[in-house]
Amino acid sequence: MPPRSDIHIPLFPSGVGSVSETDPDQAVAAIFARYWRMPFWPQLPNRTPLEMMIPQFGLALPGAEWDADSGTLHWSGETSDAALEAAALPPPERAAGLPAFLTQLESLPAEKRPSVIKGQLTGPLTLSMAMRDPSGRRPHDDPDTLTWLGRFLGRIALLQVERFRAFGAKACIVFDEPALAYVDEPSLPISWSLANRALEEALRPVQERGAIAGLHCCQPPDWTRALRSRPSLIHFDASPGRVEDVIEHKSAIREHVSRGGYLGWGLWPTAGNTVDPFDSKEKQYFLANAARDLSFVDASVGLIFKRSMITGVCGSAGLAPEQEATMAQDLEDLSMGIRRRYWIAATTDVDPDDPLT
């Protein structure tokens, strides 16, 4: 079992990763202003397609080339120790938001630096589905290759942890894994045992450094099986009509929370086609009711709230800038409103009126 993390994120608003901005400095400045309790470094796919999650991290692999027309990442197929040692953070041309984030973070006075920072990268299952070696094989066609890929991405995730630790911040690193919804299906015909083995390889280095290692999937996967990989956090679409897919796995999620796990609630609709405005007061009741549906003796509503972050459903690269600003304010209002309205006596280490706790 991975070590328990005691990082404090009670209903902190944050982002999934991508934003609409194309200027990295402006994107980072907006994130520090809007998500100051749990900022994240921004992915900027509107700046260049190389900032989409597959090429952004997949091009670190040996011999990797990105075919944008087919959405395929071609690579050499090498899984040597030397190839593993070459795992590195993406350079500025593929991740301009990361150095801009670190530069602005360094410029902040020590007392104003965030206590926890969120990072993200693609997960091994999702990356594997887009990859082909010279013979046309995918990493998940061979168990050893897929677990190696998990190990490779785990090293890149750990590098993010270390960058944030250098500024005195704890880390929450989330692997973007939409492929979780396709495990044991024709498009990803592997067992859950193999899938979880690869996920464990990715999650473990982050967890061993005391950071949160999470899985994001906005499709409805089998969370009961996915939780056997022991992620620190699961991040899901919690919008009306979709949160029921999560509650269906409440037994496994209760166990997850009771052993120290976290939840990430994707609440603000990022598809950009919502008709009804987001009502933060209405969402307080909605989120409280969903938490009650998940709660039990060892995973009370108060404990669930203390170990939860809130975000948009997915990345916001498809939103207009004014929508992103509205989303951030709505999430902040939701966070503070539910803390004041629904907090219970058991959460004695949290002042509901103090955003810093």
# chains A, B, ... in the order shown; residues from 1 in each chain; ligands from 1

$ residues_around --residues "Ala328 of chain A" --least-positions-apart "5" --cutoff "10 Å" --atoms "only C-alpha atoms" --output "ChimeraX atom specification"
/A:13-15,30-31,33-35,268,311-312,323,333-334

$ write_last_selection --atoms "C-alpha atoms" --output "CSV table (one decimal), in the first residue's frame"
chain,number,residue,atom,x,y,z
A,13,PRO,CA,-10.3,25.1,-6.4
A,14,SER,CA,-7.8,24.2,-9.1
A,15,GLY,CA,-7.5,23.4,-12.9
A,30,ALA,CA,-4.1,34.6,-14.3
A,31,ILE,CA,-3.7,31.2,-12.6
A,33,ALA,CA,-4.5,35.3,-9.2
A,34,ARG,CA,-7.5,32.9,-9.6
A,35,TYR,CA,-6.2,29.7,-8.1
A,268,TRP,CA,-17.9,23.4,-13.9
A,311,THR,CA,-12.3,22.0,-10.8
A,312,GLY,CA,-13.9,22.3,-14.1
A,323,GLN,CA,-15.6,31.9,-19.4
A,333,ASP,CA,-17.7,30.9,-4.4
A,334,LEU,CA,-18.7,27.3,-4.3

$ residues_around --residues "Ala226 of chain A" --least-positions-apart "2" --cutoff "12 Å" --atoms "only C-alpha atoms" --output "PDB file with N, CA and C atoms, in the first residue's frame"
ATOM      1  N   LEU A 125      -1.660   4.428 -20.010  1.00  0.00           N
ATOM      2  CA  LEU A 125      -2.652   3.745 -20.836  1.00  0.00           C
ATOM      3  C   LEU A 125      -3.057   4.621 -22.023  1.00  0.00           C
ATOM      4  N   GLU A 177      -5.906  10.217 -17.758  1.00  0.00           N
ATOM      5  CA  GLU A 177      -6.119   8.846 -18.231  1.00  0.00           C
ATOM      6  C   GLU A 177      -7.539   8.607 -18.763  1.00  0.00           C
ATOM      7  N   PRO A 178      -7.932   9.284 -19.860  1.00  0.00           N
ATOM      8  CA  PRO A 178      -9.242   8.951 -20.437  1.00  0.00           C
ATOM      9  C   PRO A 178      -9.331   7.490 -20.866  1.00  0.00           C
ATOM     10  N   ALA A 179      -8.176   6.858 -21.112  1.00  0.00           N
ATOM     11  CA  ALA A 179      -8.190   5.448 -21.529  1.00  0.00           C
ATOM     12  C   ALA A 179      -8.694   4.510 -20.445  1.00  0.00           C
ATOM     13  N   LEU A 180      -8.794   4.981 -19.221  1.00  0.00           N
ATOM     14  CA  LEU A 180      -9.345   4.131 -18.159  1.00  0.00           C
ATOM     15  C   LEU A 180     -10.735   3.604 -18.524  1.00  0.00           C
ATOM     16  N   ALA A 181     -11.459   4.393 -19.306  1.00  0.00           N
ATOM     17  CA  ALA A 181     -12.823   4.001 -19.670  1.00  0.00           C
ATOM     18  C   ALA A 181     -12.848   2.880 -20.709  1.00  0.00           C
ATOM     19  N   TYR A 182     -11.675   2.527 -21.263  1.00  0.00           N
ATOM     20  CA  TYR A 182     -11.645   1.549 -22.353  1.00  0.00           C
ATOM     21  C   TYR A 182     -10.891   0.280 -22.005  1.00  0.00           C
ATOM     22  N   VAL A 183     -10.442   0.155 -20.765  1.00  0.00           N
ATOM     23  CA  VAL A 183      -9.733  -1.050 -20.357  1.00  0.00           C
ATOM     24  C   VAL A 183     -10.648  -2.268 -20.519  1.00  0.00           C
ATOM     25  N   ASP A 184     -10.083  -3.327 -21.077  1.00  0.00           N
ATOM     26  CA  ASP A 184     -10.823  -4.575 -21.321  1.00  0.00           C
ATOM     27  C   ASP A 184     -11.921  -4.395 -22.370  1.00  0.00           C
ATOM     28  N   SER A 191      -6.074  -6.638 -19.637  1.00  0.00           N
ATOM     29  CA  SER A 191      -6.740  -6.924 -18.366  1.00  0.00           C
ATOM     30  C   SER A 191      -6.570  -5.750 -17.416  1.00  0.00           C
ATOM     31  N   TRP A 192      -7.465  -5.678 -16.439  1.00  0.00           N
ATOM     32  CA  TRP A 192      -7.315  -4.663 -15.400  1.00  0.00           C
ATOM     33  C   TRP A 192      -6.056  -4.921 -14.578  1.00  0.00           C
ATOM     34  N   SER A 193      -5.652  -6.160 -14.449  1.00  0.00           N
ATOM     35  CA  SER A 193      -4.428  -6.475 -13.714  1.00  0.00           C
ATOM     36  C   SER A 193      -3.226  -5.806 -14.369  1.00  0.00           C
ATOM     37  N   LEU A 194      -3.118  -5.917 -15.705  1.00  0.00           N
ATOM     38  CA  LEU A 194      -2.004  -5.285 -16.414  1.00  0.00           C
ATOM     39  C   LEU A 194      -2.124  -3.771 -16.376  1.00  0.00           C
ATOM     40  N   ALA A 195      -3.342  -3.254 -16.575  1.00  0.00           N
ATOM     41  CA  ALA A 195      -3.536  -1.804 -16.537  1.00  0.00           C
ATOM     42  C   ALA A 195      -3.082  -1.232 -15.198  1.00  0.00           C
ATOM     43  N   ASN A 196      -3.492  -1.877 -14.117  1.00  0.00           N
ATOM     44  CA  ASN A 196      -3.135  -1.375 -12.797  1.00  0.00           C
ATOM     45  C   ASN A 196      -1.651  -1.515 -12.504  1.00  0.00           C
ATOM     46  N   ARG A 197      -1.024  -2.537 -13.068  1.00  0.00           N
ATOM     47  CA  ARG A 197       0.417  -2.681 -12.882  1.00  0.00           C
ATOM     48  C   ARG A 197       1.151  -1.488 -13.502  1.00  0.00           C
ATOM     49  N   ALA A 198       0.735  -1.078 -14.700  1.00  0.00           N
ATOM     50  CA  ALA A 198       1.350   0.078 -15.341  1.00  0.00           C
ATOM     51  C   ALA A 198       1.057   1.364 -14.575  1.00  0.00           C
ATOM     52  N   LEU A 199      -0.171   1.498 -14.090  1.00  0.00           N
ATOM     53  CA  LEU A 199      -0.530   2.688 -13.312  1.00  0.00           C
ATOM     54  C   LEU A 199       0.274   2.758 -12.018  1.00  0.00           C
ATOM     55  N   GLU A 200       0.445   1.638 -11.354  1.00  0.00           N
ATOM     56  CA  GLU A 200       1.225   1.610 -10.114  1.00  0.00           C
ATOM     57  C   GLU A 200       2.654   2.079 -10.361  1.00  0.00           C
ATOM     58  N   GLY A 214      -2.498  11.294  -8.658  1.00  0.00           N
ATOM     59  CA  GLY A 214      -3.895  11.077  -8.999  1.00  0.00           C
ATOM     60  C   GLY A 214      -4.125  10.583 -10.409  1.00  0.00           C
ATOM     61  N   LEU A 215      -5.359  10.151 -10.662  1.00  0.00           N
ATOM     62  CA  LEU A 215      -5.822   9.736 -11.980  1.00  0.00           C
ATOM     63  C   LEU A 215      -7.029  10.585 -12.363  1.00  0.00           C
ATOM     64  N   HIS A 216      -6.974  11.172 -13.551  1.00  0.00           N
ATOM     65  CA  HIS A 216      -8.107  11.950 -14.065  1.00  0.00           C
ATOM     66  C   HIS A 216      -8.743  11.203 -15.225  1.00  0.00           C
ATOM     67  N   CYS A 217     -10.048  11.006 -15.148  1.00  0.00           N
ATOM     68  CA  CYS A 217     -10.785  10.421 -16.262  1.00  0.00           C
ATOM     69  C   CYS A 217     -12.182  11.025 -16.264  1.00  0.00           C
ATOM     70  N   PRO A 220     -16.751   7.622 -17.781  1.00  0.00           N
ATOM     71  CA  PRO A 220     -17.089   6.796 -16.614  1.00  0.00           C
ATOM     72  C   PRO A 220     -16.367   5.443 -16.622  1.00  0.00           C
ATOM     73  N   PRO A 221     -15.193   5.356 -16.007  1.00  0.00           N
ATOM     74  CA  PRO A 221     -14.501   4.070 -15.945  1.00  0.00           C
ATOM     75  C   PRO A 221     -15.045   3.211 -14.801  1.00  0.00           C
ATOM     76  N   ASP A 222     -14.510   2.018 -14.687  1.00  0.00           N
ATOM     77  CA  ASP A 222     -14.813   1.163 -13.544  1.00  0.00           C
ATOM     78  C   ASP A 222     -13.881   1.586 -12.410  1.00  0.00           C
ATOM     79  N   TRP A 223     -14.353   2.540 -11.609  1.00  0.00           N
ATOM     80  CA  TRP A 223     -13.490   3.072 -10.546  1.00  0.00           C
ATOM     81  C   TRP A 223     -13.154   2.003  -9.508  1.00  0.00           C
ATOM     82  N   THR A 224     -14.035   1.047  -9.312  1.00  0.00           N
ATOM     83  CA  THR A 224     -13.746  -0.016  -8.344  1.00  0.00           C
ATOM     84  C   THR A 224     -12.468  -0.747  -8.735  1.00  0.00           C
ATOM     85  N   ARG A 228      -7.786  -0.203  -7.511  1.00  0.00           N
ATOM     86  CA  ARG A 228      -6.855  -1.239  -7.073  1.00  0.00           C
ATOM     87  C   ARG A 228      -5.405  -0.875  -7.394  1.00  0.00           C
ATOM     88  N   SER A 229      -5.202   0.130  -8.240  1.00  0.00           N
ATOM     89  CA  SER A 229      -3.845   0.626  -8.477  1.00  0.00           C
ATOM     90  C   SER A 229      -3.385   1.548  -7.356  1.00  0.00           C
ATOM     91  N   ARG A 230      -4.266   1.833  -6.419  1.00  0.00           N
ATOM     92  CA  ARG A 230      -4.002   2.651  -5.238  1.00  0.00           C
ATOM     93  C   ARG A 230      -3.522   4.069  -5.573  1.00  0.00           C
ATOM     94  N   PRO A 231      -4.270   4.806  -6.403  1.00  0.00           N
ATOM     95  CA  PRO A 231      -3.938   6.219  -6.582  1.00  0.00           C
ATOM     96  C   PRO A 231      -4.225   6.985  -5.303  1.00  0.00           C
ATOM     97  N   SER A 232      -3.539   8.097  -5.117  1.00  0.00           N
ATOM     98  CA  SER A 232      -3.836   8.959  -3.967  1.00  0.00           C
ATOM     99  C   SER A 232      -5.134   9.713  -4.175  1.00  0.00           C
ATOM    100  N   LEU A 233      -5.467   9.994  -5.448  1.00  0.00           N
ATOM    101  CA  LEU A 233      -6.628  10.811  -5.781  1.00  0.00           C
ATOM    102  C   LEU A 233      -7.258  10.291  -7.059  1.00  0.00           C
ATOM    103  N   ILE A 234      -8.578  10.343  -7.133  1.00  0.00           N
ATOM    104  CA  ILE A 234      -9.265  10.132  -8.403  1.00  0.00           C
ATOM    105  C   ILE A 234     -10.035  11.392  -8.740  1.00  0.00           C
ATOM    106  N   HIS A 235      -9.950  11.814 -10.000  1.00  0.00           N
ATOM    107  CA  HIS A 235     -10.600  13.039 -10.461  1.00  0.00           C
ATOM    108  C   HIS A 235     -11.592  12.662 -11.545  1.00  0.00           C
ATOM    109  N   VAL A 246     -20.075   7.692 -10.700  1.00  0.00           N
ATOM    110  CA  VAL A 246     -19.067   7.602  -9.631  1.00  0.00           C
ATOM    111  C   VAL A 246     -19.689   6.980  -8.386  1.00  0.00           C
ATOM    112  N   HIS A 249     -19.841   3.329  -7.579  1.00  0.00           N
ATOM    113  CA  HIS A 249     -18.674   2.641  -7.017  1.00  0.00           C
ATOM    114  C   HIS A 249     -18.392   3.110  -5.584  1.00  0.00           C
ATOM    115  N   ALA A 252     -16.016   1.137  -3.002  1.00  0.00           N
ATOM    116  CA  ALA A 252     -14.575   1.274  -3.228  1.00  0.00           C
ATOM    117  C   ALA A 252     -14.110   2.688  -2.906  1.00  0.00           C
ATOM    118  N   ILE A 253     -14.940   3.691  -3.195  1.00  0.00           N
ATOM    119  CA  ILE A 253     -14.545   5.072  -2.932  1.00  0.00           C
ATOM    120  C   ILE A 253     -14.542   5.351  -1.433  1.00  0.00           C
ATOM    121  N   HIS A 256     -11.368   4.029  -0.252  1.00  0.00           N
ATOM    122  CA  HIS A 256     -10.307   4.927  -0.721  1.00  0.00           C
ATOM    123  C   HIS A 256     -10.154   6.136   0.204  1.00  0.00           C
TER     124      HIS A 256
END

$ residues_around --residues "Thr326 of chain A" --least-positions-apart "3" --cutoff "12 Å" --atoms "only C-alpha atoms" --output "list in words"
Arg34, Trp268, Pro269, Thr270, Pro277, Phe278, Asp279, Ser280, Gly312, Ser316, Leu319, Ala320, Pro321, Glu322, Gln323, Gln329, Asp330, Leu331, Glu332 and Asp333 of chain A

$ closest_residue --among "A:Met327, A:Glu244, A:Leu73, A:Thr145" --to "Phe286 of chain A" --atoms "only C-alpha atoms"
A:Glu244

$ atom_distance --atom1 "atom CA of Leu89 of chain A" --atom2 "atom CA of His140 of chain A"
23.1 Å

$ closest_atom_pairs --of "segment 128-225 of chain A" --to "segment 91-115 of chain A" --cutoff "8 Å" --atoms "only C-alpha atoms" --output "Markdown table"
| residue | atom | partner | partner_atom | distance |
| --- | --- | --- | --- | --- |
| A:Phe167 | CA | A:Glu106 | CA | 7.2 |
| A:Gly168 | CA | A:Ser115 | CA | 7.2 |
| A:Ala169 | CA | A:Ser115 | CA | 4.8 |
| A:Lys170 | CA | A:Ser115 | CA | 6.1 |

$ write_last_selection --atoms "N, CA and C atoms" --output "PDB file, in the first residue's frame"
ATOM      1  N   PHE A 167      10.704  24.978  -4.085  1.00  0.00           N
ATOM      2  CA  PHE A 167      10.114  26.243  -3.639  1.00  0.00           C
ATOM      3  C   PHE A 167       9.304  26.066  -2.355  1.00  0.00           C
ATOM      4  N   GLY A 168       9.499  24.948  -1.693  1.00  0.00           N
ATOM      5  CA  GLY A 168       8.824  24.702  -0.426  1.00  0.00           C
ATOM      6  C   GLY A 168       7.384  24.268  -0.556  1.00  0.00           C
ATOM      7  N   ALA A 169       6.963  23.871  -1.752  1.00  0.00           N
ATOM      8  CA  ALA A 169       5.560  23.490  -1.981  1.00  0.00           C
ATOM      9  C   ALA A 169       5.410  21.979  -2.064  1.00  0.00           C
ATOM     10  N   LYS A 170       4.294  21.495  -1.572  1.00  0.00           N
ATOM     11  CA  LYS A 170       3.938  20.098  -1.766  1.00  0.00           C
ATOM     12  C   LYS A 170       3.274  19.963  -3.128  1.00  0.00           C
TER      13      LYS A 170
END

$ residues_around --residues "Val19 of chain A" --least-positions-apart "3" --cutoff "7 Å" --atoms "only C-alpha atoms" --output "JSON list (two decimals) with C-alpha atoms, in the first residue's frame"
[["chain", "number", "residue", "atom", "x", "y", "z"],
["A", 42, "PRO", "CA", -0.83, 25.62, -17.68],
["A", 43, "GLN", "CA", -0.78, 23.54, -20.83],
["A", 44, "LEU", "CA", -1.28, 25.75, -23.89],
["A", 315, "GLY", "CA", -9.33, 21.35, -19.35],
["A", 316, "SER", "CA", -10.52, 24.81, -20.40],
["A", 317, "ALA", "CA", -8.64, 25.29, -23.69]]

$ atom_distance --atom1 "atom CA of Arg47 of chain A" --atom2 "atom CA of Gln160 of chain A"
21.6 Å

$ select_by_dssp --residues "segment 61-96 of chain A" --states "strand (DSSP E)" --output "MDAnalysis selection string"
chainID A and resid 65:67 72:74

$ residues_around --residues "Ile9 of chain A" --least-positions-apart "4" --cutoff "8 Å" --atoms "only C-alpha atoms" --output "list in words"
Met38, Val116, Lys306, Arg307, Ser308 and Met309 of chain A

$ residues_around --residues "segment 70-72 of chain A" --least-positions-apart "3" --cutoff "12 Å" --atoms "only C-alpha atoms" --output "VMD selection string"
chain A and resid 49 to 50 52 to 55 58 to 59 64 to 67 75 126 to 133 136 to 138

$ write_last_selection --atoms "C-alpha atoms" --output "PDB file, in the first residue's frame"
ATOM      1  CA  PRO A  49      -0.418  21.421 -31.067  1.00  0.00           C
ATOM      2  CA  LEU A  50       2.799  20.158 -29.477  1.00  0.00           C
ATOM      3  CA  MET A  52      -1.458  18.609 -26.458  1.00  0.00           C
ATOM      4  CA  MET A  53      -0.896  15.929 -23.843  1.00  0.00           C
ATOM      5  CA  ILE A  54       0.307  13.123 -26.155  1.00  0.00           C
ATOM      6  CA  PRO A  55       3.140  14.959 -27.953  1.00  0.00           C
ATOM      7  CA  GLY A  58       5.371  11.388 -25.514  1.00  0.00           C
ATOM      8  CA  LEU A  59       8.077  13.133 -27.527  1.00  0.00           C
ATOM      9  CA  ALA A  64       9.710   9.630 -30.922  1.00  0.00           C
ATOM     10  CA  GLU A  65       8.034  11.530 -33.755  1.00  0.00           C
ATOM     11  CA  TRP A  66       4.537  12.993 -33.745  1.00  0.00           C
ATOM     12  CA  ASP A  67       2.213  12.543 -36.717  1.00  0.00           C
ATOM     13  CA  TRP A  75       8.822   5.701 -31.337  1.00  0.00           C
ATOM     14  CA  THR A 126      -3.700   6.824 -22.802  1.00  0.00           C
ATOM     15  CA  LEU A 127      -0.220   7.366 -24.204  1.00  0.00           C
ATOM     16  CA  SER A 128       0.054   3.704 -25.187  1.00  0.00           C
ATOM     17  CA  MET A 129      -3.135   3.885 -27.265  1.00  0.00           C
ATOM     18  CA  ALA A 130      -1.547   6.606 -29.425  1.00  0.00           C
ATOM     19  CA  MET A 131       1.874   4.937 -29.857  1.00  0.00           C
ATOM     20  CA  ARG A 132       3.347   2.646 -32.517  1.00  0.00           C
ATOM     21  CA  ASP A 133       6.834   1.144 -32.764  1.00  0.00           C
ATOM     22  CA  GLY A 136       3.285  -1.233 -35.672  1.00  0.00           C
ATOM     23  CA  ARG A 137       3.006  -2.644 -32.163  1.00  0.00           C
ATOM     24  CA  ARG A 138       1.670  -0.604 -29.258  1.00  0.00           C
TER      25      ARG A 138
END

$ select_by_dssp --residues "segment 65-282 of chain A" --states "alpha helix (DSSP H)" --output "PyMOL selection string"
chain A and resi 81-85+97-107+124-130+143-165+192-208+223-226+243-247+250-258+280-282

$ residues_around --residues "segment 294-305 of chain A" --least-positions-apart "6" --cutoff "12 Å" --atoms "only C-alpha atoms" --output "ChimeraX atom specification"
/A:8-12,233,243-265,284,287-288,335-336,338-350,352

$ write_last_selection --atoms "N, CA and C atoms" --output "short mmCIF file (atom, residue, chain, number, x, y, z; two decimals), in the first residue's frame"
data_model
loop_
_atom_site.label_atom_id
_atom_site.label_comp_id
_atom_site.auth_asym_id
_atom_site.auth_seq_id
_atom_site.Cartn_x
_atom_site.Cartn_y
_atom_site.Cartn_z
N HIS A 8 -2.91 19.13 2.68
CA HIS A 8 -4.16 19.79 3.06
C HIS A 8 -4.76 20.50 1.84
N ILE A 9 -5.89 20.00 1.30
CA ILE A 9 -6.52 20.64 0.13
C ILE A 9 -8.04 20.73 0.30
N PRO A 10 -8.59 21.09 1.44
CA PRO A 10 -10.04 21.01 1.66
C PRO A 10 -10.85 21.92 0.73
N LEU A 11 -11.42 21.30 -0.31
CA LEU A 11 -12.25 22.01 -1.29
C LEU A 11 -11.50 23.12 -2.00
N PHE A 12 -10.18 22.94 -2.18
CA PHE A 12 -9.40 23.95 -2.91
C PHE A 12 -9.78 23.91 -4.38
N LEU A 233 -5.47 9.99 -5.45
CA LEU A 233 -6.63 10.81 -5.78
C LEU A 233 -7.26 10.29 -7.06
N VAL A 243 -22.22 12.21 -12.21
CA VAL A 243 -21.74 11.87 -10.87
C VAL A 243 -22.32 10.54 -10.41
N GLU A 244 -23.49 10.16 -10.95
CA GLU A 244 -24.09 8.88 -10.59
C GLU A 244 -23.19 7.71 -10.99
N ASP A 245 -22.40 7.89 -12.07
CA ASP A 245 -21.47 6.84 -12.48
C ASP A 245 -20.38 6.64 -11.43
N VAL A 246 -20.08 7.69 -10.70
CA VAL A 246 -19.07 7.60 -9.63
C VAL A 246 -19.69 6.98 -8.39
N ILE A 247 -20.87 7.45 -8.02
CA ILE A 247 -21.54 6.95 -6.82
C ILE A 247 -21.82 5.46 -6.92
N GLU A 248 -21.95 4.97 -8.13
CA GLU A 248 -22.14 3.53 -8.35
C GLU A 248 -21.02 2.71 -7.72
N HIS A 249 -19.84 3.33 -7.58
CA HIS A 249 -18.67 2.64 -7.02
C HIS A 249 -18.39 3.11 -5.58
N LYS A 250 -19.45 3.46 -4.86
CA LYS A 250 -19.28 4.08 -3.55
C LYS A 250 -18.55 3.20 -2.54
N SER A 251 -18.71 1.90 -2.61
CA SER A 251 -18.02 1.05 -1.64
C SER A 251 -16.51 1.19 -1.77
N ALA A 252 -16.02 1.14 -3.00
CA ALA A 252 -14.57 1.27 -3.23
C ALA A 252 -14.11 2.69 -2.91
N ILE A 253 -14.94 3.69 -3.20
CA ILE A 253 -14.55 5.07 -2.93
C ILE A 253 -14.54 5.35 -1.43
N ARG A 254 -15.49 4.79 -0.70
CA ARG A 254 -15.46 4.94 0.76
C ARG A 254 -14.16 4.37 1.32
N GLU A 255 -13.76 3.20 0.85
CA GLU A 255 -12.52 2.60 1.32
C GLU A 255 -11.33 3.48 0.95
N HIS A 256 -11.37 4.03 -0.25
CA HIS A 256 -10.31 4.93 -0.72
C HIS A 256 -10.15 6.14 0.20
N VAL A 257 -11.27 6.80 0.54
CA VAL A 257 -11.22 7.98 1.40
C VAL A 257 -10.81 7.59 2.82
N SER A 258 -11.32 6.49 3.32
CA SER A 258 -11.03 6.10 4.70
C SER A 258 -9.56 5.75 4.90
N ARG A 259 -8.88 5.31 3.86
CA ARG A 259 -7.46 5.00 4.00
C ARG A 259 -6.57 6.19 3.65
N GLY A 260 -7.20 7.38 3.44
CA GLY A 260 -6.42 8.59 3.22
C GLY A 260 -6.45 9.12 1.82
N GLY A 261 -7.34 8.60 0.96
CA GLY A 261 -7.40 9.04 -0.42
C GLY A 261 -8.16 10.35 -0.60
N TYR A 262 -7.95 10.95 -1.75
CA TYR A 262 -8.56 12.23 -2.09
C TYR A 262 -9.51 12.07 -3.27
N LEU A 263 -10.43 13.04 -3.41
CA LEU A 263 -11.34 13.09 -4.54
C LEU A 263 -11.20 14.42 -5.26
N GLY A 264 -11.30 14.38 -6.58
CA GLY A 264 -11.31 15.59 -7.40
C GLY A 264 -12.64 15.67 -8.13
N TRP A 265 -13.41 16.70 -7.81
CA TRP A 265 -14.77 16.85 -8.35
C TRP A 265 -14.72 17.82 -9.53
N GLN A 284 -23.79 24.00 -4.17
CA GLN A 284 -23.48 23.61 -2.79
C GLN A 284 -24.36 22.45 -2.37
N LEU A 287 -23.38 19.25 -4.47
CA LEU A 287 -22.15 18.59 -4.03
C LEU A 287 -22.33 17.94 -2.66
N ALA A 288 -23.04 18.62 -1.77
CA ALA A 288 -23.28 18.05 -0.45
C ALA A 288 -24.09 16.76 -0.55
N SER A 335 -16.55 26.87 -3.23
CA SER A 335 -15.68 26.38 -2.17
C SER A 335 -16.00 27.04 -0.84
N MET A 336 -16.01 28.36 -0.83
CA MET A 336 -16.25 29.07 0.42
C MET A 336 -17.68 28.90 0.91
N ILE A 338 -19.73 26.28 0.48
CA ILE A 338 -19.99 24.95 1.05
C ILE A 338 -19.20 24.77 2.35
N ARG A 339 -18.05 25.41 2.46
CA ARG A 339 -17.29 25.33 3.72
C ARG A 339 -18.09 25.96 4.86
N ARG A 340 -18.73 27.08 4.58
CA ARG A 340 -19.49 27.75 5.63
C ARG A 340 -20.82 27.05 5.93
N ARG A 341 -21.43 26.52 4.89
CA ARG A 341 -22.78 25.98 5.04
C ARG A 341 -22.79 24.55 5.57
N TYR A 342 -21.83 23.73 5.11
CA TYR A 342 -21.93 22.31 5.37
C TYR A 342 -20.82 21.75 6.26
N TRP A 343 -19.89 22.61 6.65
CA TRP A 343 -18.79 22.07 7.46
C TRP A 343 -19.32 21.53 8.78
N ILE A 344 -18.72 20.46 9.28
CA ILE A 344 -19.21 19.85 10.50
C ILE A 344 -18.17 19.96 11.60
N ALA A 345 -18.61 19.69 12.82
CA ALA A 345 -17.75 19.90 13.99
C ALA A 345 -16.49 19.06 13.95
N ALA A 346 -16.52 17.93 13.25
CA ALA A 346 -15.35 17.05 13.24
C ALA A 346 -14.16 17.68 12.54
N THR A 347 -14.39 18.68 11.72
CA THR A 347 -13.28 19.29 10.98
C THR A 347 -12.66 20.41 11.81
N THR A 348 -12.15 20.07 12.96
CA THR A 348 -11.67 21.08 13.89
C THR A 348 -10.40 21.77 13.42
N ASP A 349 -9.67 21.19 12.48
CA ASP A 349 -8.43 21.81 12.03
C ASP A 349 -8.66 22.76 10.85
N VAL A 350 -9.92 23.03 10.52
CA VAL A 350 -10.24 23.91 9.41
C VAL A 350 -11.19 25.00 9.88
N PRO A 352 -13.82 27.35 8.53
CA PRO A 352 -14.57 27.46 7.29
C PRO A 352 -14.50 28.85 6.65
#

$ atom_distance --atom1 "atom CA of Pro39 of chain A" --atom2 "atom CA of Ala202 of chain A"
22.3 Å
